[in-house]
Structures are given as C-alpha cells and as structure tokens.
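First the structure, in the form of structure tokens, and then the observations on it.
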Amino acid sequence: MAAAGGGPQWLDVVGDEVWWAEARPGEQGRVALVRAVPGGTEDVLPAPWNVRNRLHEYGGRPWTVVEGVVVFTHWADQRVYAVSETGVVPLTPEPAEPQGVRYGDLRAGRPGEVFAVRERAVGPRPADIERELVAIALDGGPERVLAASHHFLTVAKLSPDGRHAAWFGWDHPAMPWDGTELCVAAVAEDGSFGPHRVLAGGADVSVCQVEWETPETLLALLDPDGWWNLHRVGLDGALTNLAPVERELGGPLWKAGSRWFVPLGGGRHAVLTSGRLAVLDEADGSVTSMAEELTAWSSTGFAVFGDGVVGVAGGPVREAAVVEVSLDGAVRDLTPQPELPAAYLPVPEERVFTTADGEAVPVVLYRPANPDFAAPEGELPPLLVHVHGGPTGQYLPMLDLELAYFSSRGIAVAAVNYGGSTGFGRAYRERLREQWGVVDVADCVAVAEALVAAGLADGDRLAVRGGSAGGFTAAASLTTKKTYRAGTVMYPVLDLAGWTGAGGDTHDFESRYLDGLVGPLPATRQRYVERSPLANSASLAGPVLFQQGLEDRICPPEQADRFVAGLAGRGIPYAYQRFPGEQHGFRRAATIVSALEAELSFYGQVLGFETPGVARLELSK
C-alpha cells in the first residue's frame with residue numbers, strides 16, 4: 001500500500017518517448033521525472049530534484065521540454081530550472097521569502113521562452129497572492145509579464161501561427177467549476193500581448209480545457225448546457241457543440257494543466273468521460289467508449305501517442321499505471337503491473353441508492369475479501385463509509401489498495417459520490433450549493449442505512465472516514481448524527497468561519513470556496529457556526545481518530561489541534577497522529593504505513609475485533 005501511494009502523473013510525449021512525473025513514497029515523497037525506455041524506465045533527473053510546485057497549492061503542470069531543453073519546477077524553492085549541458089541551472093531568481101514566488105502550468109512559448117503562471121505572495125496572510133502570465137527566457141534573462149486578466153489564470157497557449165494567445169481565468173468567489181472566461185489576445189511582433197477579449201464562458205459556464213485547432217479556431221471543454229462537452233470556438237465567438245451528450249467530458253480543474261481531451265485528427269478526439277476513455281467523432285456526434293477495463297483515467301496524464309493515446313489509468317483489478325491504447329482498443333502496459341494476490345482484492349461494485357427525498361446517490365462498494373478467513377455464520381461485516389475530498393470530486397470504480405487494506409481485514413467499504421460530486425452533470429454538482437454539511441452528511445447516512453437494510457453490513461458497527469473536505473463531512477457526521485460508532489478524520493476543515501475568507505487559515509485558491517458551499521459572509525455567518533464540527537464537538541457520537549500533516553497549508557493543523565484539545569477529559573476515546581514533513585495528504589511511505597495501521601487498530605478496538613500483527617494504537621479519554 002505504501003508503494004502504491006505514489007504513482008505516475010503529469011504524463012506527456014517528448015518526440016517518440018513517453019515521459020511522466022512519478023511520486024515516490026520510498027524517497028520521502030519526492031516526485032521524479034522519468035521516461036519509458038526499452039525494458040523499463042529511466043530517471044531524467046536524479047535526487048534531490050523534486051518536480052512539483054505549489055501553484056494554487058494543489059500544483060500545476062511542473063515540467064515541459066522546450067527546444068530540446070528540459071524545464072521544471074523544484075519543490076524546495078519553487079523556482080524554474082533547466083537541464084543544460086553543464087547541469088541543472090536556475091531560470092528564475094531566488095525569491096526574497098522562501099517559496100514566496102511560485103510557478104506552474106509550464107508550456108512552450110515563443111522561441112527561446114517557456115510560458116507559465118506565476119504567483120507571488122504580497123502580504124502576510126495565506127490569501128495575499130497575485131498572479132500573472134509570464135514568459136521565462138531559456139537563457140536566464142528577465143521574465144516578461146504577458147497578462148493578468150483574472151485573479152486565477154491558466155497558462156497562455158499560442159495559436160499555430162503565433163499571432164494569438166488563449167487562456168482562461170476566474171475571480172473570487174467563483175471556483176473554476178462554477179464559472180470561468182475563455183480569453184484571447186493578439187500577440188505583437190515583440191511578443192507582447194494586446195488587450196484580451198472573452199470568447200466563451202461566464203459566471204455560470206465553466207471552461208476546464210482549451211487548445212488551439214487552427215489559427216482561427218479553438219477547441220474547448222465547457223458546460224453551457226449543464227455538461228462539460230467539447231466545443232469549437234471561433235475567434236469571432238461562434239460556438240459549436242461537437243457532440244451534445246449528457247455526459248461529462250471534462251472535470252474540475254483542481255490542478256492547472258489537466259487534460260480531458262486530445263485531438264486525433266480527421267474530426268475525431270479522444271476524451272475522458274467520468275474517468276473512462278472514449279472517442280468523439282464529429283461526423284455523427286457520437287461518443288464511443290473504448291478500453292472499458294480501464295475505469296479510472298487521470299486528467300494529469302493523457303496524450304496522443306502513435307495511432308492512439310497514452311495515459312495514466314487503472315481499473316477494477318489493476319492499479320493506476322502508464323498504458324498505451326490503440327484506436328482498436330488494444331491495451332499495452334508501459335509500466336509493469338505488480339503481481340498482487342487477486343483473492344484478497346475486492347472487486348468494486350457500482351450501485352445507486354435513493355435517499356428519502358428521492359435523490360439517486362452513486363456508490364462504489366467493496367465487499368470483504370480474504371480467502372483465509374470467513375465470518376462466523378450469520379455475522380455481517382462492519383461498514384466503513386469512505387468520503388472523497390473536494391467536495392467537488394468523484395470516486396471512480398478502481399482497485400484502491402488503501403480500501404483493500406480494510407476489506408482484506410473483513411470490513412466492507414462504501415465510497416459515496418454524494419451530492420456535489422462531479423461526473424454527473426452540473427445539476428448534481430450544485431445539489432451541494434449552500435448545503436455543505438447537510439446534503440453530503442445526509443447522503444452518506446442514507447447509503448449506510450441502505451446497506452444495513454440490504455443485509456450487507458452490521459448496523460451496530462458503522463464507521464466513517466475522510467480526508468480534507470471528506471474529513472469535514474466525517475467530522476460533521478460524527479457531531480450531528482448518531483449513525484456511526486466511530487470515525488477517522490484526516491487533515492480536515494473543522495471551523496468553517498476560521499478556515500475561509502481573507503483572514504482565514506486556508507490558502508487563496510479556496511479562500512472563498514465556502515461562499516458557494518455554505519453561503520456568502522457575513523449574511524450567512526450563523527450557518528458557519530451551526531455546521532462547524534468544532535462548534536458541535538460536545539455532541540460527538542463516539543471515538544475519533546485524527547491524522548494531520550504538520551506542513552499542510554490547505555487545512556492547517558491548528559484546527560485539528562483545537563478540536564483534539566477540547567476532547568481531553570471528556571471520556572470519549574480518541575487519538576491524534578501528527579506527521580512532521582507531510583502536507584495535504586500523505587506522501588511518505590513511513591507515514592502511510594503508520595496511518596493505516598493506526599486506523600485499523602482504532603477500528604478493531606472500537607468495533608470489537610482483533611488486529612493481529614498491528615501495533616496497538618493508544619487511545620486517550
């Protein structure tokens with residue numbers, strides 16, 4: 001499980017080679033840059049180079065190759081570097097404050113330049129950030145500022161003739177899946193950008209990817225009809241949906257530089273639709289699925305390769321890996337699949353449950369699987385409700401070794417795509433508008449109760465777990481419902497008002513997220529209090545395990561510290577694991593092992609079963 005906690009990301013094709021970034025838990029979470037070679041892979045950059053950045057804190061595309069030169073961002077100082085004949089050299093100056101200037105979403109620009117989004121800290125608060133589109137000279141010369149149309153930006157992309165540049169952006173309080181604007185500007189002979197025009201998008205339309213097709217047309221994913229579909233956009237603003245379907249061909253832009261489509265030529269395009277691969281054909285407006293055994297493609301790894309595509313994908317019985325898929329659907333692994341004991345691995349079951357108010361809630365269910373053990377006759381398994389993060393995210397039906405760790409110990413796991421999840425259209429996503437802490441909590445409870453009613457879980461042994469936004473929902477569930485006996489809360493939001501806004505704990509990208517999820521301040525401040533797990537901690541339903549990275553800038557540890565401090569002496573069993581060197585989510589092998597073993601011990605103690613081979617987690621009261 002610890003080894004699987006890394007994996008490939010940010011894949012692209014360089015010449016006739018496939019390159020990608022690779023997270024390595026065994027190297028303290030370092031992200032290496034590698035390429036496929038006959039018989040395996042080869043590192044492009046040795047340690048300690050760490051190909052990662054803090055753009056929007058979740059990171060943007062961290063590497064590219066420009067005129068044969070490898071250009072990348074390095075995590076330690078957030079500067080841009082190039083690999084030269086003499087070694088690795090910096091292209092950007094050292095900032096006055098450590099990591100005070102960050103770059104991401106790297107892309108080839110004009111000759112001798114790489115384009116990027118630059119963000120700069122301009123004050124002491126986490127939300128004191130300014131951003132510009134910049135050109136960085138490959139010879140280390142001064143940067144050029146190209147544009148700053150919005151508070152948040154994606155990298156500028158040049159038209160085939162170099163006469164125009166396109167990007168999209170958005171402003172607070174919108175998130176990129178709420179509303180973005182597709183911009184285009186003329187490029188002068190000296191490389192400067194003229195004033196931009198907005199071609200598409202708006203307050204209620206989200207653009208999540210744009211690419212040039214010809215000097216006069218662009219291809220863009222946007223959702224004016226409630227679903228991310230592929231459109232052709234003319235420089236005159238003409239908009240044509242190439243295949244109107246009630247399917248999501250795009251997704252939430254958590255990481256700048258993500259891709260959900262690549263043109264194949266001849267009016268055909270490879271697209272990712274809710275994690276699955278398909279081919280869109282303009283001739284008949286069809287969207288045809290292919291390589292259906294791959295149910296979880298990553299938007300950070302997707303490119304044209306040969307007569308097909310290459311990307312990062314997994315499935316119900318295979319881990320995420322680099323795969324090549326030809327247009328006839330044949331799949332070839334470019335990274336080896338590990339030999340795993342199939343009998344211990346649960347097969348994800350896609351189910352849909354209906355809430356009391358008639359809403360359909362999709363779920364991925366993992367039943368216990370271990371050939372060496374069977375439950376006593378008539379005994380039902382404990383159930384762990386897994387809440388994905390975001391909350392604007394989606395859980396896909398795939399082999400997940402983290403969840404398999406629990407299912408192989410006799411615990412059923414239900415991963416819930418509660419209202420607000422992506423992959424099911426804008427209307428489903430907006431079920432959570434101003435309802436965070438209500439709809440998500442109710443949907444997860446409804447799923448747990450439905451599984452108990454169906455005879456698939458023990459109603460007396462229900463637990464909930466989640467990280468980040470999922471940690472909020474887990475904590476909100478434990479402080480407002482009596483459904484669960486216990487829960488695990490990882491790097492969570494616990495105090496809504498303290499987390500958000502210009503003076504809040506969190507970073508700029510999400511500092512106004514709760515305007516849509518809870519309501520605008522100050523008008524709805526009472527909601528922030530009523531829905532905050534920290535304010536409701538006195539009604540905690542049962543034991544809780546907190547897990548937190550101490551360098552987390554998205555959900556800083558102060559909120560978990562405050563919640564746990566209030567538990568001392570109250571008689572409710574609890575534990576708190578604090579991990580130095582970890583940010584938002586755990587990347588180091590030792591942390592992953594420690595967190596999982598502690599969580600299993602916690603459930604064993606609370607739900608009443610033995611956990612042999614795992615150190616006992618000490619619980620306080």
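Going by the structure tokens order, chains are called A, B, ..., each with residues numbered from 1, while ligands are numbered from 1 in the order shown.
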Selection near Tyr603 in chain A, 10 Å with only C-alpha atoms, sequence-local residues under 6 positions removed, as number ranges by chain: A: 382, 384, 406, 411, 461-463, 485-488, 543-545, 609-611, 617
Fewer than 3 positions away in the same chain doesn't count, so skip those; otherwise give me all residues within 10 Å of Arg30 in chain A, counting only C-alpha atoms, as a list in words. Gly6, Ala21, Glu22, Ala23, Arg24, Pro25, Gly26, Glu27, Leu33, Ala47, Pro48, Trp49, Asn50, Val51, Arg52, Trp75, Arg587 and Arg588 of chain A
Would you pick out the contacts of range 567-582 of chain A at 9 Å or less, using only C-alpha atoms, so that residues sharing its chain but fewer than 2 positions from it are not included, and give the list as a PyMOL selection string? chain A and resi 28-29+537-538+540-552+557+560-561+563-565+584-588+591+595+598+602+606+617-621
Residues from last step as file, N, CA, C and O atoms, as a compact mmCIF listing (two decimals), in the first residue's frame:
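out-v2.txt, freshly written:
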```txt
# COMPACT_ATOMS: atom_id res chain seq x y z
N GLN A 28 10.87 9.70 0.47
CA GLN A 28 10.30 10.82 1.24
C GLN A 28 9.29 11.62 0.43
O GLN A 28 9.10 12.82 0.65
N GLY A 29 8.62 10.95 -0.52
CA GLY A 29 7.59 11.61 -1.30
C GLY A 29 8.12 12.42 -2.47
O GLY A 29 7.36 13.15 -3.11
N SER A 537 -18.63 19.94 18.83
CA SER A 537 -17.84 18.84 19.36
C SER A 537 -18.44 18.22 20.61
O SER A 537 -18.19 17.05 20.91
N ALA A 538 -19.27 18.96 21.34
CA ALA A 538 -19.88 18.41 22.56
C ALA A 538 -20.83 17.27 22.24
O ALA A 538 -21.14 16.45 23.11
N LEU A 540 -20.29 14.86 19.99
CA LEU A 540 -19.56 13.82 19.27
C LEU A 540 -20.16 12.45 19.59
O LEU A 540 -20.34 12.09 20.74
N ALA A 541 -20.47 11.69 18.53
CA ALA A 541 -21.21 10.44 18.69
C ALA A 541 -20.37 9.31 19.26
O ALA A 541 -20.91 8.37 19.85
N GLY A 542 -19.05 9.36 19.06
CA GLY A 542 -18.24 8.24 19.51
C GLY A 542 -16.77 8.52 19.31
O GLY A 542 -16.36 9.63 18.96
N PRO A 543 -15.93 7.51 19.48
CA PRO A 543 -14.48 7.67 19.37
C PRO A 543 -14.06 8.20 18.01
O PRO A 543 -14.70 7.91 16.99
N VAL A 544 -12.94 8.94 17.99
CA VAL A 544 -12.47 9.56 16.75
C VAL A 544 -10.94 9.49 16.70
O VAL A 544 -10.26 9.60 17.73
N LEU A 545 -10.44 9.25 15.50
CA LEU A 545 -9.00 9.29 15.23
C LEU A 545 -8.73 10.45 14.30
O LEU A 545 -9.34 10.54 13.22
N PHE A 546 -7.83 11.35 14.69
CA PHE A 546 -7.41 12.47 13.84
C PHE A 546 -6.01 12.17 13.30
O PHE A 546 -5.14 11.68 14.02
N GLN A 547 -5.80 12.51 12.02
CA GLN A 547 -4.50 12.37 11.38
C GLN A 547 -4.22 13.65 10.61
O GLN A 547 -5.08 14.11 9.85
N GLN A 548 -3.01 14.22 10.78
CA GLN A 548 -2.75 15.56 10.26
C GLN A 548 -1.29 15.73 9.88
O GLN A 548 -0.39 15.37 10.63
N GLY A 549 -1.04 16.29 8.67
CA GLY A 549 0.30 16.71 8.29
C GLY A 549 0.60 18.08 8.86
O GLY A 549 -0.25 18.98 8.80
N LEU A 550 1.80 18.25 9.39
CA LEU A 550 2.13 19.50 10.09
C LEU A 550 2.54 20.62 9.15
O LEU A 550 2.66 21.77 9.58
N GLU A 551 2.78 20.32 7.85
CA GLU A 551 3.12 21.38 6.89
C GLU A 551 1.96 21.65 5.93
O GLU A 551 2.16 22.20 4.86
N ASP A 552 0.76 21.28 6.34
CA ASP A 552 -0.43 21.43 5.50
C ASP A 552 -0.83 22.90 5.42
O ASP A 552 -1.13 23.51 6.45
N PRO A 557 -2.84 22.52 10.60
CA PRO A 557 -3.08 21.68 11.78
C PRO A 557 -3.75 22.40 12.94
O PRO A 557 -4.26 21.74 13.86
N ALA A 560 -7.34 21.05 13.79
CA ALA A 560 -7.36 19.74 14.45
C ALA A 560 -6.80 19.85 15.87
O ALA A 560 -7.31 19.20 16.79
N ASP A 561 -5.76 20.67 16.05
CA ASP A 561 -5.20 20.86 17.39
C ASP A 561 -6.28 21.34 18.35
O ASP A 561 -6.40 20.84 19.49
N PHE A 563 -9.61 21.10 18.11
CA PHE A 563 -10.66 20.10 18.33
C PHE A 563 -10.18 19.06 19.34
O PHE A 563 -10.89 18.72 20.30
N VAL A 564 -8.97 18.54 19.12
CA VAL A 564 -8.45 17.48 19.99
C VAL A 564 -8.24 18.00 21.41
O VAL A 564 -8.51 17.29 22.39
N ALA A 565 -7.78 19.24 21.55
CA ALA A 565 -7.56 19.81 22.88
C ALA A 565 -8.85 19.81 23.69
O ALA A 565 -8.83 19.62 24.92
N HIS A 584 -0.70 18.30 2.58
CA HIS A 584 -2.11 17.93 2.47
C HIS A 584 -2.20 16.57 1.78
O HIS A 584 -2.04 16.45 0.57
N GLY A 585 -2.44 15.53 2.55
CA GLY A 585 -2.32 14.17 2.04
C GLY A 585 -0.93 13.65 2.37
O GLY A 585 0.02 14.41 2.51
N PHE A 586 -0.83 12.34 2.52
CA PHE A 586 0.41 11.75 2.99
C PHE A 586 1.19 11.15 1.83
O PHE A 586 0.66 10.38 1.03
N ARG A 587 2.48 11.49 1.75
CA ARG A 587 3.32 11.10 0.61
C ARG A 587 4.49 10.20 0.99
O ARG A 587 5.09 9.60 0.11
N ARG A 588 4.82 10.12 2.25
CA ARG A 588 5.98 9.35 2.68
C ARG A 588 5.55 7.94 3.08
O ARG A 588 4.54 7.76 3.77
N THR A 591 4.84 7.33 6.77
CA THR A 591 3.58 7.95 7.21
C THR A 591 2.39 7.11 6.79
O THR A 591 1.46 6.87 7.58
N ALA A 595 -0.16 5.52 9.43
CA ALA A 595 -1.56 5.99 9.44
C ALA A 595 -2.53 4.83 9.24
O ALA A 595 -3.55 4.73 9.94
N ALA A 598 -2.55 2.41 12.31
CA ALA A 598 -3.24 3.04 13.43
C ALA A 598 -4.74 3.03 13.22
O ALA A 598 -5.52 2.78 14.16
N PHE A 602 -7.50 1.20 15.55
CA PHE A 602 -8.59 2.02 16.10
C PHE A 602 -9.94 1.35 15.87
O PHE A 602 -10.74 1.19 16.81
N VAL A 606 -12.61 -0.22 18.73
CA VAL A 606 -13.93 0.38 18.89
C VAL A 606 -15.05 -0.57 18.43
O VAL A 606 -16.11 -0.67 19.07
N LEU A 617 -2.86 1.00 18.86
CA LEU A 617 -2.92 2.45 18.97
C LEU A 617 -3.44 2.82 20.36
O LEU A 617 -4.50 2.36 20.78
N GLU A 618 -2.70 3.65 21.05
CA GLU A 618 -3.12 4.07 22.38
C GLU A 618 -4.18 5.16 22.26
O GLU A 618 -3.97 6.18 21.59
N LEU A 619 -5.30 4.93 22.91
CA LEU A 619 -6.40 5.90 22.88
C LEU A 619 -6.45 6.65 24.20
O LEU A 619 -6.28 6.07 25.28
N SER A 620 -6.67 7.96 24.09
CA SER A 620 -6.83 8.80 25.28
C SER A 620 -8.31 9.00 25.55
O SER A 620 -9.17 8.72 24.72
N LYS A 621 -8.63 9.53 26.73
CA LYS A 621 -10.02 9.84 27.08
C LYS A 621 -10.07 11.19 27.79
O LYS A 621 -9.12 11.60 28.42
```
Just give me the gap between CA of Val416 in chain A and CA of Met398 in chain A in Å, one decimal is fine.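 Answer for the CA of Val416 in chain A to CA of Met398 in chain A separation: 13.6 Å.
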Got a sec: who's within 9 Å of range 203-210 of chain A, counting only C-alpha atoms, leaving out chain neighbours fewer than 3 positions off, as an MDAnalysis selection string? chainID A and resid 157 166:170 174 176:182 200 218:226 228 250:253 257:261
Pull the strand (DSSP E) assignments for range 133-275 of chain A out of DSSP run on the backbone, and list those residues as a ChimeraX atom specification. /A:133-137,144-147,152-153,157-158,164-170,181-187,193-201,207-214,217-222,229-234,239-241,261-265,268-273
Would you pick out the contacts of Glu42 in chain A at 12 Å or less, using only C-alpha atoms, so that residues sharing its chain but fewer than 2 positions from it are not included, and give the list as a PDB file with C-alpha atoms, in the first residue's frame?
```pdb
ATOM      1  CA  GLU A  17       9.149   8.841 -25.977  1.00  0.00           C
ATOM      2  CA  VAL A  18       6.646   8.847 -23.121  1.00  0.00           C
ATOM      3  CA  TRP A  19       7.712  10.905 -20.090  1.00  0.00           C
ATOM      4  CA  TRP A  20       5.984  11.467 -16.769  1.00  0.00           C
ATOM      5  CA  ALA A  21       6.463  12.617 -13.195  1.00  0.00           C
ATOM      6  CA  GLU A  22       6.469   9.844 -10.601  1.00  0.00           C
ATOM      7  CA  ALA A  32      10.938  12.216 -10.026  1.00  0.00           C
ATOM      8  CA  LEU A  33      10.881  12.891 -13.768  1.00  0.00           C
ATOM      9  CA  VAL A  34      11.195   9.638 -15.739  1.00  0.00           C
ATOM     10  CA  ARG A  35      10.864   8.340 -19.276  1.00  0.00           C
ATOM     11  CA  ALA A  36       9.988   4.970 -20.719  1.00  0.00           C
ATOM     12  CA  VAL A  37      12.895   3.071 -22.267  1.00  0.00           C
ATOM     13  CA  PRO A  38      13.044  -0.468 -23.667  1.00  0.00           C
ATOM     14  CA  GLY A  39      12.577  -2.823 -20.753  1.00  0.00           C
ATOM     15  CA  GLY A  40      11.616  -0.246 -18.154  1.00  0.00           C
ATOM     16  CA  VAL A  44      15.680  12.117 -16.254  1.00  0.00           C
ATOM     17  CA  LEU A  45      16.615  13.957 -13.058  1.00  0.00           C
ATOM     18  CA  PRO A  46      18.459  12.446 -10.086  1.00  0.00           C
ATOM     19  CA  THR A 335       4.943   0.315 -16.620  1.00  0.00           C
TER      20      THR A 335
END
```
Polymer residues at most 12 Å from Leu403 in chain A, only C-alpha atoms, same-chain spacing of 6 or more positions, as a VMD selection string: chain A and resid 1 4 to 5 344 to 348 364 to 369 383 to 387 395 397 409 to 415 465 to 466 596 599 to 600
Report as a list of chain:residue names all protein, DNA and RNA residues lying within 9 Å of range 142-145 of chain A, evaluated on only C-alpha atoms, omitting residues in the same chain fewer than 5 positions from it.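 Contacts, with the query itself left out: A:Leu91, A:Thr92, A:Glu132, A:Leu133, A:Val134, A:Ala135, A:Ile136, A:Ala137, A:Ser192.
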